[in-house]
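Below is query.cif, which holds mmCIF, N, CA and C atoms.
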```
data_structure
#
loop_
_atom_site.label_atom_id
_atom_site.label_comp_id
_atom_site.auth_asym_id
_atom_site.auth_seq_id
_atom_site.Cartn_x
_atom_site.Cartn_y
_atom_site.Cartn_z
N MET W 1 5.27 -8.84 9.52
CA MET W 1 5.77 -8.72 10.88
C MET W 1 6.39 -10.06 11.27
N VAL W 2 7.34 -10.02 12.19
CA VAL W 2 8.03 -11.21 12.66
C VAL W 2 7.08 -12.05 13.50
N GLU W 3 7.20 -13.37 13.36
CA GLU W 3 6.37 -14.28 14.15
C GLU W 3 6.74 -14.16 15.62
N PRO W 4 5.76 -14.28 16.55
CA PRO W 4 6.03 -14.08 17.97
C PRO W 4 7.09 -15.02 18.54
N ASP W 5 7.18 -16.26 18.06
CA ASP W 5 8.14 -17.21 18.61
C ASP W 5 9.50 -17.16 17.91
N LYS W 6 9.67 -16.30 16.94
CA LYS W 6 10.93 -16.15 16.22
C LYS W 6 11.81 -15.14 16.96
N PRO W 7 13.09 -15.47 17.21
CA PRO W 7 13.95 -14.51 17.91
C PRO W 7 14.23 -13.27 17.06
N PRO W 8 14.50 -12.14 17.70
CA PRO W 8 14.83 -10.93 16.93
C PRO W 8 16.05 -11.17 16.05
N GLN W 9 16.10 -10.49 14.93
CA GLN W 9 17.16 -10.66 13.95
C GLN W 9 18.33 -9.73 14.20
N ARG W 10 19.49 -10.12 13.69
CA ARG W 10 20.69 -9.28 13.73
C ARG W 10 20.93 -8.64 12.37
N PHE W 11 20.36 -9.23 11.32
CA PHE W 11 20.46 -8.71 9.96
C PHE W 11 19.04 -8.66 9.39
N VAL W 12 18.75 -7.63 8.60
CA VAL W 12 17.41 -7.49 8.02
C VAL W 12 17.57 -7.23 6.53
N THR W 13 16.97 -8.07 5.71
CA THR W 13 16.99 -7.88 4.27
C THR W 13 15.76 -7.06 3.86
N ALA W 14 15.77 -6.60 2.63
CA ALA W 14 14.62 -5.84 2.12
C ALA W 14 13.35 -6.68 2.19
N ALA W 15 13.46 -7.97 1.93
CA ALA W 15 12.29 -8.85 1.95
C ALA W 15 11.73 -9.03 3.36
N GLU W 16 12.56 -8.86 4.38
CA GLU W 16 12.13 -9.06 5.76
C GLU W 16 11.64 -7.77 6.43
N ALA W 17 11.88 -6.65 5.81
CA ALA W 17 11.48 -5.37 6.39
C ALA W 17 9.96 -5.29 6.54
N ILE W 18 9.53 -4.46 7.47
CA ILE W 18 8.11 -4.20 7.68
C ILE W 18 7.75 -2.99 6.83
N VAL W 19 6.78 -3.16 5.92
CA VAL W 19 6.43 -2.07 5.01
C VAL W 19 5.04 -1.53 5.35
N ASP W 20 4.99 -0.22 5.59
CA ASP W 20 3.72 0.50 5.79
C ASP W 20 3.50 1.39 4.58
N HIS W 21 2.29 1.40 4.07
CA HIS W 21 1.95 2.26 2.94
C HIS W 21 1.17 3.46 3.48
N LEU W 22 1.89 4.57 3.60
CA LEU W 22 1.30 5.80 4.14
C LEU W 22 1.08 6.80 3.00
N PRO W 23 0.23 7.80 3.21
CA PRO W 23 -0.10 8.74 2.13
C PRO W 23 1.12 9.44 1.52
N TRP W 24 2.18 9.67 2.27
CA TRP W 24 3.33 10.39 1.75
C TRP W 24 4.42 9.44 1.27
N GLY W 25 4.10 8.15 1.07
CA GLY W 25 5.03 7.21 0.48
C GLY W 25 5.25 5.98 1.33
N PRO W 26 5.71 4.89 0.70
CA PRO W 26 5.95 3.66 1.44
C PRO W 26 7.08 3.83 2.46
N HIS W 27 6.88 3.24 3.63
CA HIS W 27 7.85 3.26 4.71
C HIS W 27 8.36 1.83 4.91
N CYS W 28 9.64 1.65 4.76
CA CYS W 28 10.28 0.35 4.89
C CYS W 28 11.04 0.34 6.22
N TRP W 29 10.44 -0.26 7.24
CA TRP W 29 11.04 -0.29 8.58
C TRP W 29 12.12 -1.36 8.62
N LEU W 30 13.33 -0.95 8.95
CA LEU W 30 14.48 -1.85 8.99
C LEU W 30 14.97 -2.11 10.42
N CYS W 31 14.69 -1.19 11.31
CA CYS W 31 15.00 -1.34 12.74
C CYS W 31 13.73 -0.97 13.47
N HIS W 32 13.07 -1.98 14.04
CA HIS W 32 11.72 -1.81 14.55
C HIS W 32 11.47 -2.85 15.64
N PRO W 33 10.73 -2.51 16.71
CA PRO W 33 10.42 -3.52 17.72
C PRO W 33 9.77 -4.75 17.09
N GLY W 34 10.18 -5.91 17.52
CA GLY W 34 9.65 -7.15 16.98
C GLY W 34 10.43 -7.65 15.78
N LEU W 35 11.25 -6.80 15.20
CA LEU W 35 12.08 -7.19 14.06
C LEU W 35 13.53 -7.37 14.50
N VAL W 36 14.02 -6.42 15.26
CA VAL W 36 15.37 -6.49 15.84
C VAL W 36 15.25 -6.18 17.34
N GLU W 37 16.35 -6.37 18.07
CA GLU W 37 16.35 -6.19 19.51
C GLU W 37 16.62 -4.76 19.97
N ALA W 38 16.70 -3.81 19.08
CA ALA W 38 17.04 -2.43 19.46
C ALA W 38 16.09 -1.92 20.53
N LYS W 39 16.67 -1.37 21.58
CA LYS W 39 15.87 -0.82 22.68
C LYS W 39 15.69 0.69 22.55
N ASN W 40 16.53 1.34 21.75
CA ASN W 40 16.49 2.79 21.67
C ASN W 40 16.41 3.36 20.27
N LEU W 41 16.39 2.52 19.25
CA LEU W 41 16.44 3.03 17.88
C LEU W 41 15.30 2.53 17.01
N LEU W 42 14.89 3.40 16.10
CA LEU W 42 14.01 3.05 14.98
C LEU W 42 14.71 3.54 13.72
N LEU W 43 14.60 2.79 12.64
CA LEU W 43 15.13 3.22 11.35
C LEU W 43 14.11 2.87 10.28
N VAL W 44 13.74 3.87 9.50
CA VAL W 44 12.79 3.66 8.41
C VAL W 44 13.32 4.33 7.14
N ARG W 45 13.18 3.63 6.02
CA ARG W 45 13.54 4.15 4.70
C ARG W 45 12.25 4.56 4.02
N VAL W 46 12.15 5.83 3.64
CA VAL W 46 10.91 6.36 3.05
C VAL W 46 11.17 6.76 1.61
N GLU W 47 10.29 6.32 0.72
CA GLU W 47 10.34 6.72 -0.69
C GLU W 47 9.18 7.70 -0.91
N MET W 48 9.53 8.97 -1.08
CA MET W 48 8.50 10.00 -1.22
C MET W 48 8.39 10.43 -2.68
N PRO W 49 7.24 10.16 -3.30
CA PRO W 49 7.05 10.56 -4.70
C PRO W 49 7.00 12.08 -4.84
N PRO W 50 7.23 12.59 -6.05
CA PRO W 50 7.09 14.03 -6.29
C PRO W 50 5.71 14.52 -5.85
N GLY W 51 5.70 15.71 -5.27
CA GLY W 51 4.43 16.32 -4.87
C GLY W 51 3.88 15.85 -3.53
N GLN W 52 4.56 14.94 -2.86
CA GLN W 52 4.07 14.44 -1.58
C GLN W 52 4.82 15.10 -0.43
N GLY W 53 4.30 14.92 0.78
CA GLY W 53 4.97 15.47 1.94
C GLY W 53 4.41 14.90 3.22
N HIS W 54 5.23 14.96 4.26
CA HIS W 54 4.80 14.60 5.60
C HIS W 54 4.64 15.92 6.34
N ALA W 55 3.39 16.35 6.47
CA ALA W 55 3.05 17.68 6.98
C ALA W 55 3.58 17.89 8.40
N PHE W 56 3.52 19.14 8.84
CA PHE W 56 4.05 19.52 10.14
C PHE W 56 3.49 18.64 11.25
N HIS W 57 4.40 18.16 12.08
CA HIS W 57 4.06 17.30 13.21
C HIS W 57 5.22 17.35 14.20
N ARG W 58 5.05 16.69 15.31
CA ARG W 58 6.14 16.60 16.28
C ARG W 58 6.06 15.26 16.99
N HIS W 59 7.18 14.87 17.56
CA HIS W 59 7.27 13.65 18.36
C HIS W 59 7.58 14.08 19.79
N ASP W 60 6.62 13.91 20.67
CA ASP W 60 6.78 14.39 22.04
C ASP W 60 7.77 13.57 22.86
N ALA W 61 8.12 12.38 22.38
CA ALA W 61 9.01 11.52 23.17
C ALA W 61 10.24 11.06 22.39
N MET W 62 10.44 11.55 21.16
CA MET W 62 11.55 11.06 20.35
C MET W 62 12.27 12.21 19.67
N GLU W 63 13.59 12.04 19.47
CA GLU W 63 14.33 12.92 18.58
C GLU W 63 14.51 12.17 17.27
N GLU W 64 14.88 12.90 16.21
CA GLU W 64 14.93 12.30 14.88
C GLU W 64 16.06 12.91 14.07
N VAL W 65 16.65 12.08 13.24
CA VAL W 65 17.59 12.53 12.22
C VAL W 65 16.99 12.10 10.89
N ILE W 66 16.92 13.03 9.94
CA ILE W 66 16.49 12.72 8.58
C ILE W 66 17.71 12.84 7.68
N TYR W 67 18.02 11.75 6.97
CA TYR W 67 19.19 11.67 6.10
C TYR W 67 18.70 11.43 4.67
N VAL W 68 19.02 12.34 3.76
CA VAL W 68 18.57 12.22 2.38
C VAL W 68 19.51 11.28 1.62
N VAL W 69 18.93 10.24 1.03
CA VAL W 69 19.69 9.25 0.25
C VAL W 69 19.73 9.65 -1.21
N SER W 70 18.57 10.02 -1.77
CA SER W 70 18.51 10.45 -3.17
C SER W 70 17.39 11.45 -3.35
N GLY W 71 17.49 12.23 -4.43
CA GLY W 71 16.53 13.30 -4.65
C GLY W 71 16.85 14.48 -3.74
N ARG W 72 15.84 15.33 -3.54
CA ARG W 72 16.00 16.49 -2.66
C ARG W 72 14.77 16.60 -1.76
N ALA W 73 15.01 17.09 -0.55
CA ALA W 73 13.93 17.25 0.41
C ALA W 73 13.80 18.72 0.78
N GLU W 74 12.57 19.22 0.81
CA GLU W 74 12.31 20.52 1.43
C GLU W 74 12.02 20.21 2.89
N GLN W 75 12.98 20.52 3.73
CA GLN W 75 12.88 20.15 5.14
C GLN W 75 12.64 21.39 5.99
N TRP W 76 11.66 21.29 6.86
CA TRP W 76 11.35 22.35 7.82
C TRP W 76 11.65 21.83 9.22
N VAL W 77 12.33 22.66 10.02
CA VAL W 77 12.51 22.41 11.44
C VAL W 77 12.10 23.71 12.11
N GLU W 78 10.98 23.66 12.80
CA GLU W 78 10.30 24.85 13.31
C GLU W 78 10.04 25.79 12.14
N ARG W 79 10.53 27.03 12.18
CA ARG W 79 10.26 28.00 11.11
C ARG W 79 11.39 28.07 10.07
N GLU W 80 12.41 27.23 10.26
CA GLU W 80 13.54 27.26 9.32
C GLU W 80 13.35 26.21 8.22
N ARG W 81 13.56 26.65 6.98
CA ARG W 81 13.40 25.79 5.80
C ARG W 81 14.74 25.64 5.10
N ARG W 82 15.07 24.40 4.73
CA ARG W 82 16.27 24.13 3.95
C ARG W 82 15.92 23.09 2.89
N VAL W 83 16.61 23.16 1.76
CA VAL W 83 16.54 22.10 0.77
C VAL W 83 17.76 21.22 1.00
N LEU W 84 17.50 19.95 1.32
CA LEU W 84 18.57 19.00 1.59
C LEU W 84 18.83 18.14 0.36
N ALA W 85 20.10 17.92 0.07
CA ALA W 85 20.55 17.07 -1.04
C ALA W 85 21.06 15.74 -0.46
N PRO W 86 21.33 14.76 -1.32
CA PRO W 86 21.86 13.49 -0.83
C PRO W 86 23.10 13.70 0.04
N GLY W 87 23.12 12.97 1.15
CA GLY W 87 24.23 13.04 2.08
C GLY W 87 24.06 14.10 3.15
N GLU W 88 22.96 14.85 3.12
CA GLU W 88 22.72 15.90 4.11
C GLU W 88 21.64 15.46 5.09
N ILE W 89 21.67 16.05 6.29
CA ILE W 89 20.72 15.67 7.34
C ILE W 89 20.03 16.88 7.94
N ALA W 90 18.95 16.57 8.64
CA ALA W 90 18.32 17.51 9.56
C ALA W 90 18.19 16.77 10.88
N HIS W 91 18.50 17.46 11.98
CA HIS W 91 18.28 16.90 13.31
C HIS W 91 17.08 17.59 13.92
N ILE W 92 16.16 16.79 14.44
CA ILE W 92 14.95 17.34 15.05
C ILE W 92 14.93 16.91 16.52
N PRO W 93 15.11 17.85 17.44
CA PRO W 93 15.06 17.52 18.87
C PRO W 93 13.65 17.09 19.30
N ILE W 94 13.57 16.49 20.46
CA ILE W 94 12.30 16.04 21.02
C ILE W 94 11.32 17.21 21.09
N GLY W 95 10.10 16.98 20.61
CA GLY W 95 9.03 17.96 20.73
C GLY W 95 9.06 19.11 19.74
N VAL W 96 10.00 19.11 18.80
CA VAL W 96 10.12 20.22 17.84
C VAL W 96 9.28 19.94 16.60
N VAL W 97 8.50 20.91 16.19
CA VAL W 97 7.65 20.79 15.00
C VAL W 97 8.52 20.75 13.76
N HIS W 98 8.18 19.84 12.83
CA HIS W 98 8.96 19.69 11.59
C HIS W 98 8.08 19.09 10.50
N ALA W 99 8.56 19.21 9.26
CA ALA W 99 7.85 18.67 8.10
C ALA W 99 8.86 18.36 7.01
N THR W 100 8.51 17.39 6.16
CA THR W 100 9.36 17.01 5.03
C THR W 100 8.48 16.97 3.78
N TYR W 101 8.90 17.67 2.73
CA TYR W 101 8.14 17.71 1.49
C TYR W 101 9.04 17.40 0.31
N ASN W 102 8.42 16.91 -0.76
CA ASN W 102 9.12 16.71 -2.03
C ASN W 102 8.36 17.47 -3.12
N PRO W 103 8.65 18.78 -3.29
CA PRO W 103 7.98 19.56 -4.33
C PRO W 103 8.69 19.45 -5.68
N PHE W 104 9.67 18.58 -5.77
CA PHE W 104 10.50 18.47 -6.97
C PHE W 104 9.94 17.41 -7.93
N ASP W 105 10.54 17.32 -9.12
CA ASP W 105 10.06 16.42 -10.17
C ASP W 105 10.52 14.97 -10.01
N GLN W 106 11.50 14.73 -9.14
CA GLN W 106 12.06 13.39 -8.98
C GLN W 106 11.66 12.80 -7.62
N PRO W 107 11.54 11.48 -7.55
CA PRO W 107 11.29 10.85 -6.24
C PRO W 107 12.43 11.17 -5.28
N MET W 108 12.13 11.12 -4.01
CA MET W 108 13.12 11.37 -2.97
C MET W 108 13.11 10.20 -2.00
N VAL W 109 14.29 9.77 -1.60
CA VAL W 109 14.42 8.69 -0.62
C VAL W 109 15.19 9.25 0.57
N PHE W 110 14.67 8.99 1.76
CA PHE W 110 15.39 9.40 2.97
C PHE W 110 15.29 8.32 4.03
N LEU W 111 16.25 8.38 4.95
CA LEU W 111 16.22 7.53 6.14
C LEU W 111 15.82 8.41 7.31
N ALA W 112 14.95 7.90 8.16
CA ALA W 112 14.62 8.58 9.40
C ALA W 112 15.08 7.67 10.54
N ILE W 113 15.93 8.22 11.39
CA ILE W 113 16.42 7.50 12.56
C ILE W 113 15.80 8.19 13.77
N LEU W 114 15.10 7.42 14.58
CA LEU W 114 14.39 7.99 15.72
C LEU W 114 14.80 7.27 17.01
N SER W 115 14.82 8.01 18.10
CA SER W 115 15.18 7.43 19.38
C SER W 115 14.49 8.21 20.50
N PRO W 116 14.03 7.51 21.54
CA PRO W 116 13.98 6.06 21.69
C PRO W 116 12.88 5.48 20.81
N ASN W 117 12.74 4.18 20.82
CA ASN W 117 11.85 3.54 19.86
C ASN W 117 10.42 3.38 20.40
N ARG W 118 9.84 4.48 20.81
CA ARG W 118 8.44 4.50 21.25
C ARG W 118 7.57 4.96 20.10
N LEU W 119 6.80 4.06 19.56
CA LEU W 119 5.91 4.42 18.45
C LEU W 119 4.62 4.97 19.03
N ASP W 120 4.38 6.27 18.83
CA ASP W 120 3.18 6.90 19.38
C ASP W 120 2.36 7.57 18.30
N GLY W 121 2.40 7.02 17.10
CA GLY W 121 1.66 7.58 15.98
C GLY W 121 2.44 7.38 14.71
N PRO W 122 1.93 7.91 13.61
CA PRO W 122 2.62 7.69 12.33
C PRO W 122 3.98 8.38 12.28
#
```

Would you put the structure from the file into structure tokens?
Amino acid sequence: MVEPDKPPQRFVTAAEAIVDHLPWGPHCWLCHPGLVEAKNLLLVRVEMPPGQGHAFHRHDAMEEVIYVVSGRAEQWVERERRVLAPGEIAHIPIGVVHATYNPFDQPMVFLAILSPNRLDGP
């Protein structure tokens, strides 16, 4: 995490990112309070190993875009399921139940962009 007396950054390298190790894969926070000055955005790069998933949940105060960088994602938004390939997204409105799984043989990397930047859980 950034030191309290250090000003927020305008550029973030991989070495400076905030990394959380969660059950469904490492989360590399690139746009996060205390790291940059963003008032409305969060950006996290998630590496999801085969067989892992972020089970159904919702964000009561944030909307989200999930962008697949590599691999494939089994993405659920409410009761609709799609397999997303690199370059494809899912938009999740505020309060909508969703889940992301990787049932495939290859690792999957995705970006999650959330707004506003209120962290109210994992």

Where does the PyMOL selection byres ((chain W and resi 71) around 5) land in this file, that is, which residues does it pick, as a PyMOL selection string? chain W and resi 69-70+72-73+107-109

Would you give me, as a list of chain:residue names, the residues in range 58-100 of chain W that DSSP reads as strand (DSSP E or B)? W:Glu63, W:Glu64, W:Val65, W:Ile66, W:Tyr67, W:Val68, W:Val69, W:Ser70, W:Ala73, W:Glu74, W:Gln75, W:Trp76, W:Val77, W:Glu80, W:Arg81, W:Arg82, W:Val83, W:Leu84, W:Ile89, W:Ala90, W:His91, W:Ile92, W:His98, W:Ala99, W:Thr100

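Closest approach to Phe110 in chain W among W:Arg45, W:His59, W:Glu80, W:Gly95 is made by W:Arg45 (distances from only N, CA and C atoms).
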
List as a tab-separated table every residue of range 49-94 of chain W that is in contact with range 12-29 of chain W, defined as an atom at most 8 Å from one of its atoms (using only N, CA and C atoms), together with the nearest atom pair and the distance in Å rounded to one decimal, sorted by chain and then rising number.
```
residue	atom	partner	partner_atom	distance
W:Pro49	N	W:Gly25	CA	5.3
W:Gly51	C	W:Trp24	CA	7.6
W:Gln52	CA	W:Trp24	CA	5.3
W:Gly53	N	W:Trp24	CA	4.7
W:His54	N	W:Trp24	CA	5.5
W:Ala55	N	W:Trp24	CA	7.6
```

Could you work out how far atom N of Leu43 in chain W lies from atom C of Gly87 in chain W, giving the answer in Å with one decimal? 17.5 Å

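Using the PyMOL selection byres ((chain W and resi 98) around 6.5) on this structure selects His54, Ala55, Phe56, His57, Arg58, Trp76, Val77, Glu78, Val96, Val97, Ala99 and Thr100 of chain W.
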
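Atom pair atom C of Asp105 in chain W / CA of Pro86 in chain W has a distance of 14.7 Å (rounded to one decimal).
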
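Between CA of Pro93 in chain W and atom C of Asn117 in chain W there is a distance of 15.0 Å.
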
If we draw a sphere of 6.5 Å around (11.2, 21.9, -1.0), which residues have at least one atom in it when counting all atoms listed in the file? Please report them as number ranges by chain. W: 72-75, 82-83, 101-104

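Of the listed residues (W:Leu114, W:Ile89, W:Leu35, W:Leu42), W:Ile89 comes nearest to Tyr67 in chain W; the distances count only N, CA and C atoms.
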
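Proximity to His91 in chain W was assessed for W:Ile113, W:Pro8, W:Glu64, W:Arg79 counting all atoms listed in the file; the smallest distance is recorded for W:Glu64.
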
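On the file presented, the PyMOL selection byres ((chain W and resi 40) around 5) picks out W:Ala38, W:Lys39, W:Leu41, W:Leu42, W:Ser115, W:Pro116, W:Asn117.
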
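Distance check against Ala85 in chain W using only N, CA and C atoms: of W:Pro7, W:Val44, W:Val68, W:Asp60, the minimum falls on W:Val68.
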
Build an axis-aligned box that encloses every atom of range 18-37 of chain W listed in the file, pad it by 6 Å on each side, and report its centre and edge lengths in Å to one decimal, as lines of an AutoDock Vina configuration file.
```
center_x = 8.3
center_y = 1.4
center_z = 10.2
size_x = 28.7
size_y = 30.0
size_z = 31.5
```
